[in-house]
>>> print(open('input35.cif').read())   # mmCIF, C-alpha atoms
data_input
#
loop_
_atom_site.label_atom_id
_atom_site.label_comp_id
_atom_site.auth_asym_id
_atom_site.auth_seq_id
_atom_site.Cartn_x
_atom_site.Cartn_y
_atom_site.Cartn_z
CA MET A 1 80.84 75.41 123.04
CA MET A 2 79.35 78.62 124.34
CA ALA A 3 81.06 81.80 123.32
CA SER A 4 82.17 83.74 126.37
CA SER A 5 81.07 86.99 124.81
CA THR A 6 79.79 90.03 126.62
CA SER A 7 77.92 91.21 123.57
CA GLU A 8 74.83 89.52 122.24
CA VAL A 9 76.07 89.57 118.67
CA ARG A 10 77.57 86.33 117.42
CA LEU A 11 80.58 87.19 115.28
CA VAL A 12 82.25 83.78 115.14
CA ILE A 13 80.29 80.59 114.53
CA ASP A 14 82.06 77.22 114.27
CA GLY A 15 85.42 78.94 113.87
CA LYS A 16 84.14 80.89 110.87
CA ARG A 17 83.69 84.63 110.78
CA MET A 18 80.87 86.62 109.26
CA ASP A 19 82.50 86.71 105.86
CA GLY A 20 83.57 83.07 106.02
CA ARG A 21 87.17 83.68 107.02
CA GLY A 22 89.09 81.66 109.59
CA PRO A 23 90.56 83.50 112.59
CA GLU A 24 93.96 84.06 110.93
CA ASP A 25 92.78 84.80 107.40
CA LEU A 26 93.20 88.24 105.87
CA ARG A 27 90.59 89.90 103.74
CA GLN A 28 91.34 90.17 100.04
CA LEU A 29 94.23 92.60 99.63
CA ARG A 30 95.20 94.27 96.38
CA ILE A 31 97.82 97.00 96.01
CA GLU A 32 98.63 99.04 92.93
CA ALA A 33 101.78 101.19 92.91
CA GLY A 34 102.29 104.35 90.89
CA VAL A 35 98.66 105.18 90.12
CA LEU A 36 98.96 108.98 90.12
CA HIS A 37 100.75 111.03 87.48
CA GLU A 38 101.46 114.22 89.39
CA ALA A 39 102.56 112.79 92.72
CA ASP A 40 106.20 111.72 93.16
CA GLY A 41 104.95 108.37 94.41
CA SER A 42 101.56 106.82 94.93
CA ALA A 43 99.67 103.67 95.79
CA PHE A 44 96.10 102.44 95.79
CA VAL A 45 94.97 99.80 98.24
CA GLU A 46 91.83 97.72 98.23
CA TRP A 47 91.63 95.74 101.41
CA GLY A 48 88.28 94.10 102.00
CA GLY A 49 85.87 96.99 101.66
CA ASN A 50 88.56 99.60 102.23
CA LYS A 51 89.60 101.74 99.30
CA ILE A 52 92.52 104.01 100.07
CA ILE A 53 94.66 106.14 97.82
CA CYS A 54 97.97 107.62 98.93
CA GLY A 55 100.18 110.22 97.25
CA VAL A 56 103.67 111.23 98.35
CA TYR A 57 105.51 114.45 97.52
CA GLY A 58 108.99 115.53 98.38
CA PRO A 59 111.50 116.25 99.60
CA ARG A 60 110.43 119.78 98.80
CA GLU A 61 110.71 123.24 100.28
CA CYS A 62 109.46 123.28 103.86
CA ILE A 63 106.42 125.49 104.46
CA PRO A 64 106.10 127.25 106.86
CA ARG A 65 109.78 128.11 106.84
CA PHE A 66 110.19 128.32 110.62
CA LEU A 67 109.38 124.62 110.98
CA ALA A 68 112.25 123.57 108.73
CA SER A 69 115.11 121.78 110.41
CA PRO A 70 118.69 122.21 109.15
CA TYR A 71 119.35 118.64 110.31
CA ARG A 72 116.61 116.62 108.70
CA ALA A 73 113.55 116.60 106.48
CA LEU A 74 110.20 117.01 108.15
CA VAL A 75 107.74 114.17 107.57
CA LYS A 76 104.17 115.38 107.31
CA CYS A 77 101.08 113.28 107.01
CA ARG A 78 97.48 114.14 106.27
CA TYR A 79 94.94 111.38 106.64
CA MET A 80 91.46 112.20 105.41
CA MET A 81 88.24 110.33 105.14
CA SER A 82 85.90 111.18 102.30
CA PRO A 83 82.37 112.29 103.13
CA PHE A 84 81.09 109.17 101.40
CA ALA A 85 83.59 106.79 102.97
CA SER A 86 81.31 105.17 105.53
CA LEU A 87 78.01 105.35 107.34
CA GLU A 88 79.20 107.45 110.26
CA GLU A 89 81.00 110.13 108.34
CA HIS A 90 78.72 112.92 107.19
CA SER A 91 78.84 115.71 104.70
CA ARG A 92 81.96 117.46 105.95
CA SER A 93 85.35 115.79 105.80
CA GLY A 94 87.57 118.49 107.29
CA PRO A 95 90.01 117.78 110.10
CA SER A 96 88.38 115.95 112.95
CA ARG A 97 89.64 114.60 116.25
CA ARG A 98 89.89 111.17 114.65
CA SER A 99 91.73 112.17 111.47
CA THR A 100 94.15 114.32 113.47
CA GLU A 101 95.04 111.34 115.62
CA LEU A 102 95.48 109.03 112.65
CA SER A 103 97.63 111.58 110.83
CA LYS A 104 99.85 111.75 113.91
CA VAL A 105 100.30 108.02 114.44
CA ILE A 106 100.95 107.40 110.75
CA ARG A 107 103.46 110.25 110.64
CA GLU A 108 105.32 108.76 113.60
CA VAL A 109 105.59 105.39 111.86
CA PHE A 110 107.35 106.98 108.90
CA GLU A 111 109.48 109.39 110.93
CA ASN A 112 111.17 106.23 112.19
CA LEU A 113 111.72 104.78 108.73
CA VAL A 114 112.57 107.62 106.36
CA ILE A 115 116.26 108.52 106.21
CA ALA A 116 115.49 112.19 106.69
CA GLU A 117 119.02 113.39 107.48
CA LYS A 118 119.82 113.40 103.77
CA PHE A 119 117.40 116.24 103.02
CA PRO A 120 117.88 119.18 105.39
CA ASN A 121 115.42 122.12 105.33
CA THR A 122 112.80 120.15 103.42
CA GLN A 123 109.55 118.36 104.01
CA ILE A 124 108.10 115.09 102.80
CA ASP A 125 104.32 115.02 102.44
CA ILE A 126 102.19 111.91 102.73
CA TYR A 127 98.58 112.43 101.69
CA ILE A 128 96.16 109.64 102.45
CA ASP A 129 92.57 109.70 101.26
CA VAL A 130 90.14 107.06 102.41
CA LEU A 131 87.56 106.67 99.68
CA GLN A 132 85.70 103.84 101.33
CA ALA A 133 86.09 102.58 104.89
CA ASP A 134 85.43 99.10 106.20
CA GLY A 135 87.40 98.86 109.43
CA GLY A 136 91.18 98.96 109.74
CA THR A 137 91.81 102.07 107.69
CA ARG A 138 94.84 103.11 109.72
CA THR A 139 96.61 99.84 109.05
CA ALA A 140 95.64 99.90 105.39
CA SER A 141 96.84 103.51 105.17
CA ILE A 142 100.25 102.62 106.58
CA THR A 143 100.52 99.70 104.17
CA ALA A 144 99.63 102.00 101.25
CA ALA A 145 101.95 104.82 102.34
CA ALA A 146 104.93 102.46 102.55
CA VAL A 147 104.43 101.44 98.92
CA ALA A 148 103.91 105.08 97.86
CA LEU A 149 107.13 106.18 99.61
CA ALA A 150 109.10 103.39 97.94
CA ASN A 151 107.56 104.41 94.62
CA ALA A 152 108.61 108.01 95.25
CA GLY A 153 112.23 106.97 95.77
CA ILE A 154 112.43 108.39 99.26
CA PRO A 155 115.17 106.50 101.12
CA MET A 156 113.85 104.31 103.93
CA LYS A 157 115.53 101.97 106.37
CA ASP A 158 112.82 99.39 105.93
CA MET A 159 109.36 98.70 104.57
CA VAL A 160 106.42 98.56 106.94
CA SER A 161 103.15 96.69 106.91
CA ALA A 162 100.36 96.94 109.42
CA VAL A 163 97.41 94.83 110.47
CA ALA A 164 94.81 94.97 113.21
CA VAL A 165 94.40 91.96 115.47
CA GLY A 166 91.56 91.96 117.93
CA LYS A 167 89.17 90.00 120.04
CA ALA A 168 85.58 89.46 119.03
CA ASP A 169 83.13 86.91 120.37
CA GLY A 170 85.87 85.87 122.81
CA GLN A 171 88.28 84.84 120.07
CA LEU A 172 91.43 86.44 118.74
CA LEU A 173 91.00 87.42 115.10
CA VAL A 174 93.39 88.84 112.52
CA ASP A 175 92.40 91.75 110.26
CA LEU A 176 89.15 92.85 111.87
CA GLY A 177 86.31 93.92 109.64
CA LYS A 178 84.00 96.77 110.53
CA ALA A 179 81.46 94.70 112.49
CA GLU A 180 84.17 92.82 114.40
CA ASP A 181 85.83 96.13 115.23
CA ASN A 182 82.60 97.83 116.36
CA PHE A 183 81.05 94.94 118.28
CA GLY A 184 84.14 93.08 119.44
CA GLN A 185 85.97 93.33 122.76
CA SER A 186 89.31 94.61 121.57
CA ASP A 187 91.08 96.07 118.55
CA THR A 188 94.87 96.25 118.40
CA PRO A 189 96.45 97.70 115.26
CA VAL A 190 100.14 96.80 114.95
CA ALA A 191 102.71 98.00 112.41
CA PHE A 192 105.86 95.95 111.91
CA ALA A 193 109.01 96.94 110.07
CA SER A 194 109.46 94.15 107.55
CA ARG A 195 113.11 93.25 108.04
CA SER A 196 113.91 94.22 111.62
CA LYS A 197 110.41 93.35 112.92
CA ASP A 198 110.46 96.53 114.99
CA ILE A 199 107.03 97.55 116.19
CA LEU A 200 106.40 101.04 114.83
CA LEU A 201 102.80 101.37 115.90
CA ILE A 202 100.73 99.65 118.52
CA GLN A 203 97.44 100.87 119.89
CA MET A 204 94.82 99.03 121.88
CA ASP A 205 91.11 99.55 122.22
CA GLY A 206 89.25 97.49 124.78
CA MET A 207 90.74 94.83 127.00
CA LEU A 208 93.19 91.97 126.52
CA THR A 209 94.99 89.81 129.06
CA ARG A 210 98.77 89.72 129.07
CA ASP A 211 98.68 86.26 127.58
CA GLU A 212 96.31 87.35 124.83
CA MET A 213 98.50 90.35 124.05
CA ALA A 214 101.48 88.09 123.42
CA ARG A 215 99.39 85.96 121.10
CA VAL A 216 98.09 89.06 119.33
CA LEU A 217 101.66 90.12 118.54
CA ASP A 218 102.46 86.63 117.28
CA MET A 219 99.47 86.59 114.99
CA ALA A 220 100.18 90.11 113.75
CA GLU A 221 103.75 89.16 112.91
CA ARG A 222 102.60 86.17 110.88
CA ALA A 223 100.05 88.31 109.02
CA GLU A 224 102.71 90.94 108.41
CA GLY A 225 104.65 88.49 106.26
CA LYS A 226 101.65 87.95 104.01
CA ILE A 227 101.00 91.69 103.67
CA HIS A 228 104.63 92.41 102.89
CA ALA A 229 104.50 89.84 100.09
CA VAL A 230 101.57 91.70 98.51
CA GLN A 231 103.42 95.02 98.86
CA ALA A 232 106.53 93.59 97.27
CA ASP A 233 104.47 92.09 94.47
CA SER A 234 102.80 95.43 93.73
CA LEU A 235 106.14 97.20 93.37
CA LYS A 236 107.61 94.39 91.31
CA ARG A 237 104.64 94.49 88.98
CA HIS A 238 104.93 98.25 88.67
CA TYR A 239 108.61 98.15 87.75
CA GLU A 240 108.79 94.94 85.72
CA GLU A 241 105.65 94.12 83.82
CA ALA A 242 104.12 97.56 83.37
CA GLY A 243 107.36 98.84 81.88
CA GLU A 244 107.72 95.78 79.70
CA LYS A 245 104.21 96.10 78.30
CA LYS A 246 104.66 99.75 77.45
CA PHE A 247 108.14 99.31 76.12
CA LEU A 248 107.66 96.29 73.87
CA MET A 249 104.79 97.85 72.04
CA MET B 1 114.34 91.17 83.07
CA ASN B 2 116.90 88.44 82.27
CA GLY B 3 117.94 87.25 85.72
CA ARG B 4 117.76 90.60 87.42
CA LYS B 5 116.00 90.93 90.72
CA ILE B 6 113.92 93.82 92.08
CA ILE B 7 114.99 94.94 95.55
CA LEU B 8 112.81 96.80 98.03
CA PRO B 9 113.91 99.26 100.72
CA GLY B 10 115.37 97.41 103.68
CA GLU B 11 116.43 94.31 101.74
CA LYS B 12 119.97 93.09 102.23
CA ILE B 13 122.16 93.58 99.17
CA ALA B 14 125.59 92.63 100.52
CA ASP B 15 126.98 90.79 103.53
CA ALA B 16 129.74 93.35 103.96
CA ARG B 17 129.75 97.07 104.60
CA VAL B 18 130.02 98.66 101.18
CA GLN B 19 129.27 102.20 100.04
CA VAL B 20 126.71 102.09 97.25
CA PRO B 21 124.33 104.83 96.15
CA GLY B 22 120.81 104.15 97.38
CA ALA B 23 121.95 101.93 100.24
CA PHE B 24 122.90 102.16 103.91
CA ASN B 25 124.97 100.06 106.32
CA ASP B 26 124.56 98.65 109.77
CA SER B 27 127.44 97.08 111.67
CA GLN B 28 127.72 94.01 109.41
CA ALA B 29 125.80 94.37 106.17
CA THR B 30 124.49 96.70 103.46
CA TYR B 31 120.80 97.25 102.82
CA ALA B 32 118.92 99.00 100.05
CA SER B 33 117.17 102.24 101.00
CA VAL B 34 115.29 102.70 97.71
CA VAL B 35 113.69 100.45 95.12
CA GLY B 36 116.32 99.10 92.79
CA MET B 37 117.57 95.94 91.19
CA LEU B 38 120.47 93.56 91.49
CA ASP B 39 122.06 92.83 88.14
CA GLU B 40 123.82 89.61 87.11
CA GLU B 41 127.05 90.61 88.85
CA GLY B 42 125.28 91.49 92.08
CA ARG B 43 125.58 95.24 91.62
CA PHE B 44 122.77 97.35 93.04
CA ILE B 45 121.16 99.82 90.63
CA PRO B 46 118.63 102.25 92.16
CA MET B 47 115.46 102.63 90.10
CA GLU B 48 114.03 105.57 92.01
CA LYS B 49 116.32 108.17 93.44
CA LYS B 50 116.16 111.72 94.63
CA TYR B 51 118.85 113.84 93.03
CA ARG B 52 121.38 115.25 95.44
CA PRO B 53 123.80 117.73 93.86
CA ILE B 54 127.48 116.84 93.76
CA VAL B 55 130.32 119.20 92.82
CA ASP B 56 131.06 119.19 89.06
CA ASP B 57 127.65 117.85 88.07
CA VAL B 58 126.17 119.42 84.97
CA VAL B 59 122.71 120.82 85.71
CA ILE B 60 120.07 122.54 83.63
CA GLY B 61 117.71 125.07 85.16
CA MET B 62 115.56 128.13 84.72
CA VAL B 63 116.36 131.59 86.06
CA THR B 64 113.64 132.51 88.57
CA ASP B 65 115.09 135.57 90.26
CA ALA B 66 117.55 138.25 89.23
CA ARG B 67 119.10 140.31 92.00
CA HIS B 68 122.05 142.60 92.29
CA ALA B 69 124.24 139.87 93.72
CA GLY B 70 123.28 137.27 91.17
CA TYR B 71 120.62 134.93 89.85
CA ASP B 72 118.50 132.18 91.38
CA VAL B 73 118.08 129.07 89.25
CA GLU B 74 115.26 126.57 89.67
CA LEU B 75 116.69 123.06 89.34
CA ASN B 76 113.86 120.63 90.13
CA LEU B 77 115.17 120.51 93.71
CA PRO B 78 113.99 121.83 97.07
CA ASN B 79 116.90 124.28 97.02
CA VAL B 80 117.62 126.83 94.33
CA GLY B 81 121.01 127.22 92.69
CA PHE B 82 122.75 130.56 92.79
CA ILE B 83 124.86 132.20 90.08
CA PRO B 84 126.97 135.02 91.57
CA ALA B 85 126.79 138.02 89.22
CA ARG B 86 130.49 138.82 89.57
CA ASP B 87 131.42 135.42 88.06
CA ILE B 88 129.65 135.88 84.77
CA ARG B 89 129.63 138.48 82.06
CA LEU B 90 126.38 137.64 80.36
CA LYS B 91 123.15 139.24 81.48
CA LEU B 92 120.40 136.74 82.23
CA GLU B 93 116.69 137.33 82.31
CA LEU B 94 113.86 135.68 84.18
CA GLY B 95 112.79 132.55 82.37
CA ASP B 96 116.13 131.94 80.65
CA PHE B 97 117.25 128.33 80.46
CA VAL B 98 120.84 127.86 81.57
CA VAL B 99 123.25 124.96 81.72
CA CYS B 100 125.96 125.14 84.36
CA LYS B 101 128.28 123.20 86.62
CA VAL B 102 127.83 122.82 90.35
CA ARG B 103 130.79 124.58 91.95
CA GLU B 104 129.94 124.27 95.60
CA VAL B 105 127.26 122.61 97.72
CA THR B 106 126.67 123.58 101.33
CA GLU B 107 125.57 121.15 104.02
CA THR B 108 121.97 122.27 103.69
CA GLY B 109 121.97 121.75 99.92
CA ASP B 110 122.30 125.34 98.70
CA MET B 111 124.49 125.51 95.61
CA ASP B 112 126.77 127.93 93.83
CA LEU B 113 126.87 127.42 90.08
CA ALA B 114 129.67 128.15 87.61
CA ASP B 115 130.49 127.76 83.90
CA VAL B 116 127.15 129.23 82.98
CA ARG B 117 125.90 129.01 79.40
CA ARG B 118 122.56 130.40 78.31
CA LEU B 119 120.49 128.03 76.21
CA PRO B 120 118.58 129.19 73.13
CA ARG B 121 114.81 128.86 72.97
CA GLY B 122 113.55 125.33 73.40
CA GLN B 123 111.48 123.05 75.55
CA MET B 124 112.26 121.63 78.97
CA VAL B 125 111.24 118.08 79.88
CA VAL B 126 111.45 116.46 83.31
CA PHE B 127 113.21 113.10 83.48
CA PRO B 128 113.82 110.86 86.53
CA PRO B 129 117.35 111.60 87.79
CA ALA B 130 117.96 107.92 88.57
CA LYS B 131 117.70 107.10 84.86
CA VAL B 132 119.88 109.93 83.52
CA PRO B 133 122.85 107.57 82.92
CA ARG B 134 120.62 105.52 80.57
CA LEU B 135 119.61 108.61 78.61
CA ILE B 136 123.27 109.49 78.13
CA GLY B 137 124.46 105.94 77.46
CA LYS B 138 127.89 104.37 77.57
CA LYS B 139 130.38 106.87 76.11
CA LEU B 140 127.45 109.16 75.17
CA SER B 141 126.13 106.51 72.74
CA MET B 142 122.46 107.10 73.49
CA ILE B 143 122.49 110.88 73.56
CA ASN B 144 124.54 111.02 70.34
CA LEU B 145 122.03 108.70 68.67
CA ILE B 146 119.19 111.00 69.67
CA LYS B 147 121.11 114.08 68.54
CA GLU B 148 121.66 112.52 65.12
CA ASN B 149 117.99 111.76 64.63
CA VAL B 150 116.25 114.56 66.46
CA GLY B 151 118.46 117.58 66.79
CA ASP B 152 120.00 119.48 69.66
CA ILE B 153 119.22 118.02 73.07
CA LEU B 154 120.93 118.47 76.43
CA VAL B 155 120.62 116.42 79.64
CA GLY B 156 121.32 117.71 83.13
CA ASN B 157 122.17 115.46 86.07
CA ASN B 158 119.25 117.00 87.93
CA GLY B 159 116.81 115.43 85.48
CA TYR B 160 115.96 118.41 83.32
CA VAL B 161 116.24 117.76 79.59
CA TRP B 162 116.39 120.69 77.21
CA ILE B 163 115.31 120.23 73.59
CA SER B 164 116.11 122.93 71.04
CA GLU B 165 113.20 124.55 69.26
CA LYS B 166 114.90 123.64 65.97
CA ALA B 167 114.76 119.95 66.86
CA ASP B 168 111.84 117.59 66.27
CA ILE B 169 110.34 118.20 69.72
CA PRO B 170 107.42 115.72 69.57
CA LEU B 171 109.74 112.92 68.45
CA ALA B 172 112.31 113.87 71.12
CA ILE B 173 109.68 113.76 73.86
CA LYS B 174 108.51 110.36 72.58
CA VAL B 175 112.04 108.98 72.73
CA VAL B 176 112.73 110.43 76.18
CA LYS B 177 109.50 108.83 77.48
CA MET B 178 110.47 105.55 75.86
CA ILE B 179 113.83 105.54 77.61
CA ASP B 180 112.14 106.43 80.90
CA GLU B 181 109.82 103.43 80.62
CA GLY B 182 112.42 101.00 79.38
CA ALA B 183 115.38 102.18 81.44
CA HIS B 184 115.93 98.82 83.14
CA PHE B 185 115.98 96.69 79.99
CA SER B 186 119.17 95.64 78.27
CA GLY B 187 119.90 96.56 74.65
CA LEU B 188 118.14 99.87 75.05
CA THR B 189 120.29 101.74 72.52
CA ASP B 190 119.53 99.13 69.84
CA ARG B 191 115.83 99.39 70.49
CA VAL B 192 115.91 103.16 70.27
CA ALA B 193 117.87 102.90 67.01
CA ALA B 194 115.23 100.50 65.66
CA PHE B 195 112.56 102.94 66.73
CA PHE B 196 114.23 105.75 64.81
CA ALA B 197 114.54 103.54 61.71
CA LYS B 198 110.85 102.71 61.86
CA GLU B 199 109.98 106.36 62.39
CA LYS B 200 111.98 107.32 59.32
CA GLN B 201 110.26 104.70 57.19
CA ASN B 202 106.87 106.00 58.23
CA LYS B 203 107.88 109.48 57.19
CA VAL B 204 108.84 108.36 53.66
CA ILE B 205 105.46 106.72 53.18
#
>>> encode(input="input35.cif", output="structure tokens")
Amino acid sequence: MMASSTSEVRLVIDGKRMDGRGPEDLRQLRIEAGVLHEADGSAFVEWGGNKIICGVYGPRECIPRFLASPYRALVKCRYMMSPFASLEEHSRSGPSRRSTELSKVIREVFENLVIAEKFPNTQIDIYIDVLQADGGTRTASITAAAVALANAGIPMKDMVSAVAVGKADGQLLVDLGKAEDNFGQSDTPVAFASRSKDILLIQMDGMLTRDEMARVLDMAERAEGKIHAVQADSLKRHYEEAGEKKFLM
Amino acid sequence: MNGRKIILPGEKIADARVQVPGAFNDSQATYASVVGMLDEEGRFIPMEKKYRPIVDDVVIGMVTDARHAGYDVELNLPNVGFIPARDIRLKLELGDFVVCKVREVTETGDMDLADVRRLPRGQMVVFPPAKVPRLIGKKLSMINLIKENVGDILVGNNGYVWISEKADIPLAIKVVKMIDEGAHFSGLTDRVAAFFAKEKQNKVI
């Protein structure tokens, strides 16, 4: 069968992707909760080639003061890519157009989840540092931040996990890698609340038909279940086994 | 963990609307809002929690500002506590450790404090507020055990622990850390007692 691709690059051959995955397989995902001493909550995610660390602080005094709301805590997010994170990024890692956008969309995900009314006049800070990027850092960041917030004890209505589904080589693929993202036809990151299945983030690069979009959401929801299981496992490990090992010395 | 189950935010913990700390309701059920665990009787115990002051809580803090009207007290919270000067006779200084009761909390979390007592020199340790009940124990069993073996120690609901300079501070910090790490295991008081016994033996040798 000929691939109906507009690009010359072959990304899917015989139903297998470049790294040997099937269309619905995720890359290797590993999450570690509570990795930082000084942050109130933290998480480290390795997802394929992505390495992302997330620290959460708060609720704490809101700075600047005039932004504070007497009704709710402010959720702030700062996403940053290290200078050495990927090929494109160069020596300076200050705020860029891209990181500003990602900070905003990630913040909006958690504004919908955190029960902020309990902490008036305060702010909750989410710091995300991408140490190594391999496609899909925004979804990996959201997945990491959810674990870090739970680890910090900040009340949330739900957990959230995110995954990018896209089209490359004419096929719909879950959890796009860097090449599939760069040379594919579409990239659609989706974030699902774990219990209510509310969509908290959806963006789309490139083109998809209506029919494909529906399938993308289906595939993302199935993948979400797998990611949530890894998140849950990381927190369980942090609270059960780690404590047990230290305690029964 | 003997049959206990870890619960994540958003997981259902009861099929009815019940008021539990660390949980929220929708129209039919109750869901956890923080990481916690369900014990054998199906009770939800939060394992991470942000302290929110309640009237009559005992809190420990440090004086950070002295003004004509009164004193500001840092309490490990986004808001500072306030001691009105007209309520107390003693003069406080910056850096003093105080233990007091929460008399009033406003909607935005600002507090007035009462029943102020200045603490002698000592060391302050931060402890997770969610685990404070474990550090105190049933009928003060745990804190009394520590007092017997270590010396003067005081726990505030806000998570600050004060250890007297006359006490064995390194040992006290060790024990407080131990309780922090093992807070969700049963028989904690016995284990701490065993730890003290072992520690004593080591000292003799």
>>> closest_atom_pairs(input="input35.cif", of="chain B", to="chain A", cutoff="6 Å", atoms="all atoms listed in the file", output="Markdown table")
| residue | atom | partner | partner_atom | distance |
| --- | --- | --- | --- | --- |
| B:Pro9 | CA | A:Asp158 | CA | 5.3 |
| B:Gly10 | CA | A:Asp158 | CA | 3.9 |
| B:Ser33 | CA | A:Pro155 | CA | 4.7 |
| B:Val34 | CA | A:Pro155 | CA | 5.1 |
| B:Glu48 | CA | A:Gly153 | CA | 4.4 |
| B:Lys49 | CA | A:Gly153 | CA | 4.9 |
| B:Pro78 | CA | A:Arg60 | CA | 4.5 |
| B:Thr108 | CA | A:Pro120 | CA | 5.4 |
| B:Glu181 | CA | A:Gly243 | CA | 5.4 |
| B:Gly182 | CA | A:Phe247 | CA | 5.6 |
>>> residues_around(input="input35.cif", residues="A:Asp129", least_positions_apart="2", cutoff="7 Å", atoms="only C-alpha atoms", output="JSON list (two decimals) with C-alpha atoms, in the frame of the given file")
[["chain", "number", "residue", "atom", "x", "y", "z"],
["A", 52, "ILE", "CA", 92.52, 104.01, 100.07],
["A", 53, "ILE", "CA", 94.66, 106.14, 97.82],
["A", 54, "CYS", "CA", 97.97, 107.62, 98.93],
["A", 79, "TYR", "CA", 94.94, 111.38, 106.64],
["A", 80, "MET", "CA", 91.46, 112.20, 105.41],
["A", 81, "MET", "CA", 88.24, 110.33, 105.14],
["A", 82, "SER", "CA", 85.90, 111.18, 102.30],
["A", 127, "TYR", "CA", 98.58, 112.43, 101.69],
["A", 131, "LEU", "CA", 87.56, 106.67, 99.68]]
>>> resolve_selection(input="input35.cif", expression="the PyMOL selection byres ((chain B and resi 110) around 7)", output="NGL selection string")
:B and (79-81 or 105-106 or 108-109 or 111)
>>> axis_aligned_box(input="input35.cif", around="stretch 77-95 of chain B", padding_each_side="3 Å", output="lines of an AutoDock Vina configuration file")
center_x = 122.1
center_y = 129.9
center_z = 88.7
size_x = 24.6
size_y = 24.7
size_z = 22.7
>>> residues_around(input="input35.cif", residues="B:Ile143", least_positions_apart="4", cutoff="12 Å", atoms="all atoms listed in the file", output="ChimeraX atom specification")
/B:132-139,147-156,161,163,172,175-176,179,188-189,192-193
>>> resolve_selection(input="input35.cif", expression="the PyMOL selection byres ((chain A and resi 181) around 10)", output="PyMOL selection string")
chain A and resi 134-136+164-168+175-180+182-188+205
>>> atom_distance(input="input35.cif", atom1="atom CA of A:Gln203", atom2="atom CA of A:Ile142")
13.7 Å
>>> atom_distance(input="input35.cif", atom1="atom CA of B:Leu77", atom2="atom CA of B:Asp56")
16.6 Å
>>> closest_residue(input="input35.cif", among="B:Ile13, B:Met142, B:Ala167, B:Val102", to="B:Pro120", atoms="only C-alpha atoms")
B:Ala167
>>> resolve_selection(input="input35.cif", expression="the PyMOL selection byres ((chain B and resi 46) around 8)", output="PyMOL selection string")
chain B and resi 21-22+34-37+44-45+47-49+130
>>> atom_distance(input="input35.cif", atom1="atom CA of A:Glu32", atom2="atom CA of A:His238")
7.6 Å
>>> residues_around(input="input35.cif", residues="B:Asp72", least_positions_apart="2", cutoff="10 Å", atoms="all atoms listed in the file", output="PDB file with C-alpha atoms, keeping the file's coordinate frame")
ATOM      1  CA  GLY B  61     117.710 125.070  85.160  1.00  0.00           C
ATOM      2  CA  MET B  62     115.560 128.130  84.720  1.00  0.00           C
ATOM      3  CA  VAL B  63     116.360 131.590  86.060  1.00  0.00           C
ATOM      4  CA  THR B  64     113.640 132.510  88.570  1.00  0.00           C
ATOM      5  CA  ASP B  65     115.090 135.570  90.260  1.00  0.00           C
ATOM      6  CA  ALA B  66     117.550 138.250  89.230  1.00  0.00           C
ATOM      7  CA  ARG B  67     119.100 140.310  92.000  1.00  0.00           C
ATOM      8  CA  ALA B  69     124.240 139.870  93.720  1.00  0.00           C
ATOM      9  CA  GLY B  70     123.280 137.270  91.170  1.00  0.00           C
ATOM     10  CA  GLU B  74     115.260 126.570  89.670  1.00  0.00           C
ATOM     11  CA  LEU B  75     116.690 123.060  89.340  1.00  0.00           C
ATOM     12  CA  ASN B  79     116.900 124.280  97.020  1.00  0.00           C
ATOM     13  CA  VAL B  80     117.620 126.830  94.330  1.00  0.00           C
ATOM     14  CA  GLY B  81     121.010 127.220  92.690  1.00  0.00           C
ATOM     15  CA  PHE B  82     122.750 130.560  92.790  1.00  0.00           C
ATOM     16  CA  ILE B  83     124.860 132.200  90.080  1.00  0.00           C
ATOM     17  CA  PRO B  84     126.970 135.020  91.570  1.00  0.00           C
ATOM     18  CA  LEU B  94     113.860 135.680  84.180  1.00  0.00           C
ATOM     19  CA  MET B 111     124.490 125.510  95.610  1.00  0.00           C
ATOM     20  CA  ASP B 112     126.770 127.930  93.830  1.00  0.00           C
ATOM     21  CA  LEU B 113     126.870 127.420  90.080  1.00  0.00           C
TER      22      LEU B 113
END
>>> residues_around(input="input35.cif", residues="A:Gly225", least_positions_apart="2", cutoff="12 Å", atoms="all atoms listed in the file", output="ChimeraX atom specification")
/A:26,159-163,191-195,197,218-223,227-232
>>> closest_residue(input="input35.cif", among="A:Gln132, A:Gly48, A:Val174, A:Ser234", to="B:Ile6", atoms="all atoms listed in the file")
A:Ser234
>>> residues_around(input="input35.cif", residues="B:Ala23", least_positions_apart="6", cutoff="7 Å", atoms="all atoms listed in the file", output="ChimeraX atom specification")
/B:30-33
>>> write_last_selection(input="input35.cif", atoms="C-alpha atoms", output="mmCIF file, in the coordinates of the input")
data_model
loop_
_atom_site.group_PDB
_atom_site.id
_atom_site.type_symbol
_atom_site.label_atom_id
_atom_site.label_comp_id
_atom_site.auth_asym_id
_atom_site.auth_seq_id
_atom_site.Cartn_x
_atom_site.Cartn_y
_atom_site.Cartn_z
ATOM 1 C CA THR B 30 124.490 96.700 103.460
ATOM 2 C CA TYR B 31 120.800 97.250 102.820
ATOM 3 C CA ALA B 32 118.920 99.000 100.050
ATOM 4 C CA SER B 33 117.170 102.240 101.000
#
>>> residues_near_point(input="input35.cif", point="(81.5, 100.1, 100.5)", cutoff="8 Å", atoms="all atoms listed in the file", output="list in words")
Gly49, Asn50, Ala85, Ser86, Gln132, Ala133 and Asp134 of chain A
